[in-house]
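Written out below as structure tokens is the structure these notes cover.
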Amino acid sequence: MADPQAGARVPPEPQAETLVEPVRVNGSAAEATLSSAELAWRPTGAGRDSGGRRKLELESDVLGFQVEGRALKLATFTRGDVTGAGRPPSPPGCGGGAGDRRRGEVAVEMESEEAAERWGHAIRDRFASLGRPKRLFFIVNPYGGKRSGRKIFQTEVLPLIEAADIHYTMQETNYRLHAQEIAGSLDLRKYDGIICVSGDGILVEVVNGLLQRDDWDKAIKVPLGIIPAGTGNGMVQGLLHSAGEPFSMSNAVFAIIRGHRRALDVTSVVQGKTKFFSVMMLTWGLVADIDIESEKFRWMGSARIDFYSLLRAVNLRRYNGRILFVPAPGYEGFGDPVEQTISCKSNGASNAVEGDITNVHNNETCTYSGPSTDDPDLEWRSLKGPFVNVWISNIAFASEGVMIAPQAQFADGYLDAAIIKDCPWSVALGLLLRMKDGSYIESPYVEYFKVKALRIEPGLRVGSSTIGGIIDSDGEVLARGDRSQTKEEPEHLMAYGPPIQLTVDQGLATIFSPR
């Protein structure tokens with residue numbers, strides 16, 4: 001349904017009265033009990049032999065409900081058959097994989113219309129106390145992944161959103177950074193959240209749009225959500241995995257409907273006066289090369305990544321450079337100490353000399369400028385190349401089947417660094433294969449640690465005096481030094497070579513989560 005102006009939410013009841021009534025559930029006589037958390041019933045009369053007590057948890061099993069005369073019809077979304085009458089197949093697009101939820105309906109026939117209305121009001125009050133969203137703004141990317149965003153919204157998202165009686169507005173993106181523009185100008189007072197039906201890149205655009213607003217401090221607290229319609233979908237995989245939920249479209253949608261929220265770290269990626277905000281990851285080296293250069297083999301489908309991973313591992317590249325970082329507590333033993341002098345100019349320009357750690361964030365506007373690292377007490381350390389791969393991440397997964405940072409947490413205030421040092425090509429290939437479960441970090445060729453701030457000083461490819469590498473953030477090229485940029489490729493945000501600094505603002509954003 002189109003999004004109307006909705007009034008304030010109904011305040012939760014201080015204490016929910018328990019209701020007990022004789023009813024018919026899906027045609028069978030029963031005694032039903034409605035408590036603050038569940039609707040339960042036990043068959044009576046001739047139906048008592050058909051099974052014992054059954055129940056629906058209002059928070060985790062029910063999408064929504066309608067009152068029709070004497071009937072109370074509940075749209076359910078469960079993993080089991082709560083009726084005892086067997087489980088019919090779900091409608092198309094509503095789940096059905098192993099461990100997945102399925103839609104259903106439980107019809108509770110009351111003795112009178114007045115009883116049905118009374119129970120309907122009671123359930124409505126209980127839903128209000130759950131804090132579920134009532135008005136959502138959807139941003140759909142019709143071009144990402146398999147170009148199926150529009151279809152996913154119509155067939156996978158809408159049936160559940162409408163069953164949950166959520167009002168919505170939907171807008172498609174038409175060009176690069178369109179989602180950032182939308183988030184930057186949206187009237188946020190109308191909505192309880194912004195949902196991206198896309199890959200991870202559109203979510204990052206929305207975060208950047210919110211943080212570039214004059215009211216960024218309020219805007220960034222609007223809950224965000226994501227429905228997987230891209231190539232990687234690492235954020236959705238991480239959120240569902242953290243709650244023990246299997247990866248599926250329907251589970252991602254239901255997580256938003258239930259309305260649970262969690263804090264999310266935001267990373268400021270800065271080079272001189274240029275800023276970019278990330279909630280996911282940054283890569284430099286092998287993985288960035290595979291991700292970006294394999295685009296020319298897109299005609300191969302998903303096999304392109306496997307093919308190009310093998311090609312790049314056999315013809316392994318190493319990159320010179322240096323990584324400087326402020327270690328998290330417990331990780332002070334990694335790297336070497338740095339002789340440092342803090343110096344910073346107010347316009348964001350750096351006057352650093354060799355060994356300086358310079359604060360590079362820019363405070364010229366009233367938009368969010370990122371956390372400061374201009375603190376003389378910060379103890380920076382360093383690692384020197386050559387490197388095979390540098391992976392800096394705020395989340396555990398890069399995609400459904402790639403766990404890059406097994407110890408990453410959404411809002412611990414730290415980034416997880418996984419750095420593959422110089423190694424034989426056969427070792428690099430083995431590490432790529434072990435990224436499925438994250439066990440690659442156990443290799444002696446991998447340094448894995450947590451940081452509060454980090455600075456990349458990217459160098460040239462080993463054996464070359466002119467060619468650098470690719471720095472990729474959240475699936476987009478941030479900087480490129482390999483001289484292979486095409487005319488169709490947009491201008492990159494940053495230059496390859498000058499330092500790029502990352503700092504973390506703990507729990508700045510909010511995202512819908514299964515728990």
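Labels for the structure tokens follow display order: chains A, B, ..., residues from 1 in each chain, ligands from 1.
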**Item:** Glu332 of chain A environment, 10 Å, only C-alpha atoms, sequence neighbours closer than 4 positions dropped, as number ranges by chain
**Value:** A: 326-328, 336-337, 379-381, 449-451
**Message:** Considering only strand (DSSP E) as DSSP defines it on the backbone, what residues of segment 13-246 of chain A qualify? List them as number ranges by chain.
**Reply:** A: 19-25, 28-34, 38-43, 54-57, 62-68, 71-78, 102-109, 135-140, 167-172, 194-198, 224-228
Closest-contact table, segment 430-492 of chain A side, partner segment 281-303 of chain A, 8 Å, counting only C-alpha atoms, as a Markdown table:
```
| residue | atom | partner | partner_atom | distance |
| --- | --- | --- | --- | --- |
| A:Gly469 | CA | A:Gly285 | CA | 6.3 |
| A:Ile470 | CA | A:Trp284 | CA | 5.9 |
| A:Ile471 | CA | A:Trp284 | CA | 4.6 |
| A:Asp472 | CA | A:Thr283 | CA | 5.2 |
| A:Ser473 | CA | A:Leu282 | CA | 4.3 |
| A:Asp474 | CA | A:Met281 | CA | 5.6 |
| A:Gly475 | CA | A:Asp291 | CA | 7.6 |
| A:Val477 | CA | A:Ile292 | CA | 7.5 |
```
Output for the residues just chosen: N, CA and C atoms as a compact mmCIF listing (two decimals), in the first residue's frame:
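Generated file (selection_12.txt):
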```
# COMPACT_ATOMS: atom_id res chain seq x y z
N GLY A 469 48.42 -1.03 -7.71
CA GLY A 469 47.33 -1.98 -7.57
C GLY A 469 45.97 -1.31 -7.51
N ILE A 470 45.00 -2.03 -6.97
CA ILE A 470 43.61 -1.55 -6.85
C ILE A 470 43.25 -1.53 -5.38
N ILE A 471 42.63 -0.45 -4.94
CA ILE A 471 42.05 -0.38 -3.60
C ILE A 471 40.54 -0.31 -3.78
N ASP A 472 39.87 -1.29 -3.17
CA ASP A 472 38.46 -1.52 -3.39
C ASP A 472 37.73 -1.39 -2.05
N SER A 473 36.71 -0.56 -1.98
CA SER A 473 35.95 -0.41 -0.75
C SER A 473 34.48 -0.73 -1.02
N ASP A 474 33.98 -1.74 -0.34
CA ASP A 474 32.57 -2.13 -0.43
C ASP A 474 32.15 -2.39 -1.87
N GLY A 475 33.05 -3.01 -2.66
CA GLY A 475 32.72 -3.40 -4.02
C GLY A 475 32.94 -2.34 -5.07
N VAL A 477 35.69 0.63 -6.76
CA VAL A 477 37.09 1.02 -6.84
C VAL A 477 37.26 2.38 -6.16
```
Using only C-alpha atoms, tabulate the residues of segment 152-259 of chain A lying at most 8 Å from any atom of segment 134-148 of chain A, each with its closest atom pair and that distance in Å to one decimal, by chain and increasing residue number, as JSON lines.
```
{"residue": "A:Ile152", "atom": "CA", "partner": "A:Ser148", "partner_atom": "CA", "distance": 6.0}
{"residue": "A:Phe153", "atom": "CA", "partner": "A:Val140", "partner_atom": "CA", "distance": 7.5}
{"residue": "A:Asp165", "atom": "CA", "partner": "A:Lys134", "partner_atom": "CA", "distance": 7.4}
{"residue": "A:Ile166", "atom": "CA", "partner": "A:Lys134", "partner_atom": "CA", "distance": 4.8}
{"residue": "A:His167", "atom": "CA", "partner": "A:Arg135", "partner_atom": "CA", "distance": 4.8}
{"residue": "A:Tyr168", "atom": "CA", "partner": "A:Leu136", "partner_atom": "CA", "distance": 4.8}
{"residue": "A:Thr169", "atom": "CA", "partner": "A:Phe137", "partner_atom": "CA", "distance": 4.9}
{"residue": "A:Met170", "atom": "CA", "partner": "A:Phe138", "partner_atom": "CA", "distance": 4.6}
{"residue": "A:Gln171", "atom": "CA", "partner": "A:Ile139", "partner_atom": "CA", "distance": 5.2}
{"residue": "A:Glu172", "atom": "CA", "partner": "A:Val140", "partner_atom": "CA", "distance": 4.6}
{"residue": "A:Thr173", "atom": "CA", "partner": "A:Asn141", "partner_atom": "CA", "distance": 5.3}
{"residue": "A:Asn174", "atom": "CA", "partner": "A:Asn141", "partner_atom": "CA", "distance": 7.8}
{"residue": "A:Ala179", "atom": "CA", "partner": "A:Ile139", "partner_atom": "CA", "distance": 7.0}
{"residue": "A:Lys190", "atom": "CA", "partner": "A:Arg135", "partner_atom": "CA", "distance": 7.2}
{"residue": "A:Tyr191", "atom": "CA", "partner": "A:Arg135", "partner_atom": "CA", "distance": 4.9}
{"residue": "A:Asp192", "atom": "CA", "partner": "A:Arg135", "partner_atom": "CA", "distance": 5.4}
{"residue": "A:Gly193", "atom": "CA", "partner": "A:Leu136", "partner_atom": "CA", "distance": 5.2}
{"residue": "A:Ile194", "atom": "CA", "partner": "A:Phe137", "partner_atom": "CA", "distance": 4.9}
{"residue": "A:Ile195", "atom": "CA", "partner": "A:Phe138", "partner_atom": "CA", "distance": 4.7}
{"residue": "A:Cys196", "atom": "CA", "partner": "A:Ile139", "partner_atom": "CA", "distance": 4.9}
{"residue": "A:Val197", "atom": "CA", "partner": "A:Val140", "partner_atom": "CA", "distance": 4.7}
{"residue": "A:Ser198", "atom": "CA", "partner": "A:Asn141", "partner_atom": "CA", "distance": 5.3}
{"residue": "A:Gly199", "atom": "CA", "partner": "A:Gly144", "partner_atom": "CA", "distance": 6.5}
{"residue": "A:Ile202", "atom": "CA", "partner": "A:Asn141", "partner_atom": "CA", "distance": 7.6}
{"residue": "A:Ala229", "atom": "CA", "partner": "A:Gly145", "partner_atom": "CA", "distance": 6.1}
{"residue": "A:Gly230", "atom": "CA", "partner": "A:Gly145", "partner_atom": "CA", "distance": 3.9}
{"residue": "A:Thr231", "atom": "CA", "partner": "A:Gly145", "partner_atom": "CA", "distance": 4.6}
```
How would the residues just chosen look if you wrote them out with N, CA, C and O atoms as an mmCIF file, in the first residue's frame?
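And here's result.cif as it stands now:
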```
data_model
loop_
_atom_site.group_PDB
_atom_site.id
_atom_site.type_symbol
_atom_site.label_atom_id
_atom_site.label_comp_id
_atom_site.auth_asym_id
_atom_site.auth_seq_id
_atom_site.Cartn_x
_atom_site.Cartn_y
_atom_site.Cartn_z
ATOM 1 N N ILE A 152 12.664 -9.063 -7.216
ATOM 2 C CA ILE A 152 12.774 -9.474 -5.817
ATOM 3 C C ILE A 152 11.835 -8.641 -4.947
ATOM 4 O O ILE A 152 11.159 -9.167 -4.056
ATOM 5 N N PHE A 153 11.777 -7.345 -5.222
ATOM 6 C CA PHE A 153 10.888 -6.490 -4.429
ATOM 7 C C PHE A 153 9.425 -6.908 -4.597
ATOM 8 O O PHE A 153 8.673 -7.008 -3.624
ATOM 9 N N ASP A 165 1.204 -5.501 7.303
ATOM 10 C CA ASP A 165 0.489 -4.223 7.355
ATOM 11 C C ASP A 165 1.453 -3.045 7.504
ATOM 12 O O ASP A 165 1.208 -2.100 8.259
ATOM 13 N N ILE A 166 2.560 -3.099 6.771
ATOM 14 C CA ILE A 166 3.536 -2.013 6.782
ATOM 15 C C ILE A 166 3.300 -1.119 5.565
ATOM 16 O O ILE A 166 3.246 -1.604 4.431
ATOM 17 N N HIS A 167 3.156 0.160 5.787
ATOM 18 C CA HIS A 167 3.040 1.126 4.696
ATOM 19 C C HIS A 167 4.431 1.378 4.111
ATOM 20 O O HIS A 167 5.430 1.363 4.838
ATOM 21 N N TYR A 168 4.494 1.626 2.808
ATOM 22 C CA TYR A 168 5.808 1.754 2.182
ATOM 23 C C TYR A 168 5.785 2.753 1.029
ATOM 24 O O TYR A 168 4.751 3.038 0.421
ATOM 25 N N THR A 169 6.964 3.256 0.729
ATOM 26 C CA THR A 169 7.240 4.006 -0.496
ATOM 27 C C THR A 169 8.438 3.333 -1.151
ATOM 28 O O THR A 169 9.392 2.950 -0.456
ATOM 29 N N MET A 170 8.416 3.175 -2.457
ATOM 30 C CA MET A 170 9.524 2.543 -3.166
ATOM 31 C C MET A 170 10.058 3.466 -4.251
ATOM 32 O O MET A 170 9.292 4.105 -4.965
ATOM 33 N N GLN A 171 11.371 3.560 -4.352
ATOM 34 C CA GLN A 171 12.006 4.317 -5.429
ATOM 35 C C GLN A 171 13.181 3.516 -5.964
ATOM 36 O O GLN A 171 13.974 2.965 -5.200
ATOM 37 N N GLU A 172 13.299 3.460 -7.289
ATOM 38 C CA GLU A 172 14.413 2.766 -7.920
ATOM 39 C C GLU A 172 15.573 3.727 -8.166
ATOM 40 O O GLU A 172 15.365 4.926 -8.362
ATOM 41 N N THR A 173 16.775 3.182 -8.137
ATOM 42 C CA THR A 173 17.945 3.982 -8.495
ATOM 43 C C THR A 173 18.135 3.935 -10.006
ATOM 44 O O THR A 173 17.910 2.898 -10.646
ATOM 45 N N ASN A 174 18.567 5.057 -10.559
ATOM 46 C CA ASN A 174 18.726 5.168 -12.009
ATOM 47 C C ASN A 174 20.168 5.360 -12.450
ATOM 48 O O ASN A 174 20.470 5.234 -13.636
ATOM 49 N N ALA A 179 21.296 6.578 -4.894
ATOM 50 C CA ALA A 179 20.829 6.273 -3.546
ATOM 51 C C ALA A 179 21.399 7.263 -2.537
ATOM 52 O O ALA A 179 20.726 7.641 -1.556
ATOM 53 N N LYS A 190 8.930 10.888 7.913
ATOM 54 C CA LYS A 190 7.825 10.082 7.409
ATOM 55 C C LYS A 190 8.047 8.574 7.586
ATOM 56 O O LYS A 190 7.121 7.803 7.348
ATOM 57 N N TYR A 191 9.268 8.169 7.953
ATOM 58 C CA TYR A 191 9.599 6.746 7.865
ATOM 59 C C TYR A 191 10.256 6.226 9.139
ATOM 60 O O TYR A 191 10.927 6.962 9.859
ATOM 61 N N ASP A 192 10.055 4.934 9.364
ATOM 62 C CA ASP A 192 10.695 4.242 10.478
ATOM 63 C C ASP A 192 11.964 3.527 10.050
ATOM 64 O O ASP A 192 12.600 2.858 10.871
ATOM 65 N N GLY A 193 12.341 3.625 8.792
ATOM 66 C CA GLY A 193 13.557 2.987 8.329
ATOM 67 C C GLY A 193 13.720 3.125 6.829
ATOM 68 O O GLY A 193 12.758 3.406 6.098
ATOM 69 N N ILE A 194 14.964 2.944 6.368
ATOM 70 C CA ILE A 194 15.305 2.947 4.937
ATOM 71 C C ILE A 194 15.835 1.560 4.601
ATOM 72 O O ILE A 194 16.789 1.088 5.225
ATOM 73 N N ILE A 195 15.219 0.916 3.620
ATOM 74 C CA ILE A 195 15.570 -0.460 3.260
ATOM 75 C C ILE A 195 16.124 -0.492 1.844
ATOM 76 O O ILE A 195 15.507 0.031 0.915
ATOM 77 N N CYS A 196 17.282 -1.125 1.680
ATOM 78 C CA CYS A 196 17.918 -1.253 0.365
ATOM 79 C C CYS A 196 17.657 -2.655 -0.182
ATOM 80 O O CYS A 196 18.017 -3.648 0.462
ATOM 81 N N VAL A 197 17.040 -2.730 -1.340
ATOM 82 C CA VAL A 197 16.894 -4.005 -2.049
ATOM 83 C C VAL A 197 17.991 -3.986 -3.112
ATOM 84 O O VAL A 197 17.828 -3.456 -4.209
ATOM 85 N N SER A 198 19.144 -4.553 -2.760
ATOM 86 C CA SER A 198 20.341 -4.296 -3.557
ATOM 87 C C SER A 198 21.492 -5.141 -3.037
ATOM 88 O O SER A 198 21.326 -5.956 -2.127
ATOM 89 N N GLY A 199 22.659 -4.877 -3.601
ATOM 90 C CA GLY A 199 23.885 -5.381 -3.021
ATOM 91 C C GLY A 199 24.354 -4.445 -1.916
ATOM 92 O O GLY A 199 23.674 -3.475 -1.567
ATOM 93 N N ILE A 202 24.749 -0.176 -2.341
ATOM 94 C CA ILE A 202 23.682 0.814 -2.169
ATOM 95 C C ILE A 202 23.532 1.181 -0.696
ATOM 96 O O ILE A 202 23.284 2.347 -0.355
ATOM 97 N N ALA A 229 20.128 -8.445 -2.993
ATOM 98 C CA ALA A 229 19.835 -8.466 -4.424
ATOM 99 C C ALA A 229 21.084 -8.108 -5.220
ATOM 100 O O ALA A 229 20.998 -7.575 -6.318
ATOM 101 N N GLY A 230 22.246 -8.386 -4.639
ATOM 102 C CA GLY A 230 23.504 -8.063 -5.298
ATOM 103 C C GLY A 230 24.331 -9.304 -5.547
ATOM 104 O O GLY A 230 23.841 -10.433 -5.506
ATOM 105 N N THR A 231 25.635 -9.098 -5.750
ATOM 106 C CA THR A 231 26.539 -10.205 -6.023
ATOM 107 C C THR A 231 27.097 -10.800 -4.741
ATOM 108 O O THR A 231 27.135 -12.016 -4.568
#
```
**For Val462 of chain A: contacts at 7 Å, only C-alpha atoms, fewer than 4 positions along chain excluded, given as a ChimeraX atom specification** = /A:318-320
Residue neighbourhood Asp422 of chain A, 7 Å, only C-alpha atoms, exclusion window fewer than 4 positions, as a PDB file with C-alpha atoms, in the first residue's frame:
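Contents of the output file result02.pdb:
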```
ATOM      1  CA  ARG A 318      52.967  -8.757  -4.551  1.00  0.00           C
ATOM      2  CA  PRO A 386      55.565  -6.694   0.254  1.00  0.00           C
ATOM      3  CA  PHE A 387      51.956  -7.784   0.730  1.00  0.00           C
ATOM      4  CA  VAL A 388      49.842 -10.274  -1.204  1.00  0.00           C
TER       5      VAL A 388
END
```
**Message:** Could you tell me how far atom CA of Ser268 of chain A sits from atom CA of Ala396 of chain A, in Å to one decimal place?
**Reply:** 18.7 Å
**Prompt:** Of the candidates A:Tyr331, A:Arg434, A:Tyr414, A:Gln501, which one gets nearest to Gly370 of chain A if we count only C-alpha atoms?
**Reply:** A:Gln501
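What separates atom CA of Ile227 of chain A from atom CA of Asn208 of chain A is a distance of 18.6 Å.
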**Asked** How many Å separate atom CA of Asp374 of chain A from atom CA of Thr274 of chain A?
**Response**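 Separation between atom CA of Asp374 of chain A and atom CA of Thr274 of chain A: 17.3 Å.
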**Prompt:** Using only C-alpha atoms, which of A:Phe325, A:Tyr368, A:Tyr175, A:Trp391 sits nearest Gly209 of chain A?
**Reply:**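 Under the stated criterion, the closest residue is A:Tyr368.
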**Request:** Name the closest residue to Arg24 of chain A among the candidates A:Ala116, A:Met280, A:Ala453, A:Leu383; distances are taken between atoms, counting only C-alpha atoms.
**Result:**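 Of the candidates, the smallest distance to Arg24 of chain A is held by A:Ala116.
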**Request:** Give the answer as one residue: which of A:Phe254, A:Tyr496, A:Trp425, A:Tyr440 has the shortest atom-to-atom distance to Ile456 of chain A, using only C-alpha atoms?
**Result:** A:Tyr496
**Request:** Have a look at A:Arg258, A:Arg103, A:Leu34, A:Glu109 and name the one nearest to Gly69 of chain A; count only C-alpha atoms.
**Result:** A:Glu109
**Message:** My list of candidates is A:Val504, A:Leu74, A:Ala509, A:Ala495. Which is closest to Gln271 of chain A when distances are computed with only C-alpha atoms?
**Reply:** A:Ala495
**Message:** Could you list, as a PyMOL selection string, every residue within 6 Å of Asp61 of chain A, counting only C-alpha atoms and ignoring same-chain residues fewer than 3 positions away?
**Reply:** chain A and resi 56-58+76-78
For the residues in the current selection, export N, CA, C and O atoms as a CSV table (one decimal), in the first residue's frame.
```csv
chain,number,residue,atom,x,y,z
A,56,LEU,N,1.6,-19.9,18.9
A,56,LEU,CA,2.3,-18.9,18.0
A,56,LEU,C,2.9,-17.9,18.9
A,56,LEU,O,2.2,-17.2,19.7
A,57,GLU,N,4.2,-17.7,18.8
A,57,GLU,CA,4.9,-16.6,19.4
A,57,GLU,C,4.6,-15.3,18.6
A,57,GLU,O,4.9,-15.3,17.4
A,58,LEU,N,4.0,-14.3,19.2
A,58,LEU,CA,3.6,-13.1,18.5
A,58,LEU,C,4.8,-12.4,17.9
A,58,LEU,O,4.7,-11.9,16.8
A,76,THR,N,1.0,-16.1,9.4
A,76,THR,CA,2.1,-16.7,10.1
A,76,THR,C,3.3,-16.9,9.2
A,76,THR,O,3.2,-16.9,8.0
A,77,PHE,N,4.5,-17.0,9.9
A,77,PHE,CA,5.7,-17.2,9.2
A,77,PHE,C,6.6,-18.0,10.1
A,77,PHE,O,7.4,-17.5,10.9
A,78,THR,N,6.5,-19.3,10.0
A,78,THR,CA,7.1,-20.3,10.9
A,78,THR,C,7.9,-21.3,10.3
A,78,THR,O,7.8,-21.5,9.0
```
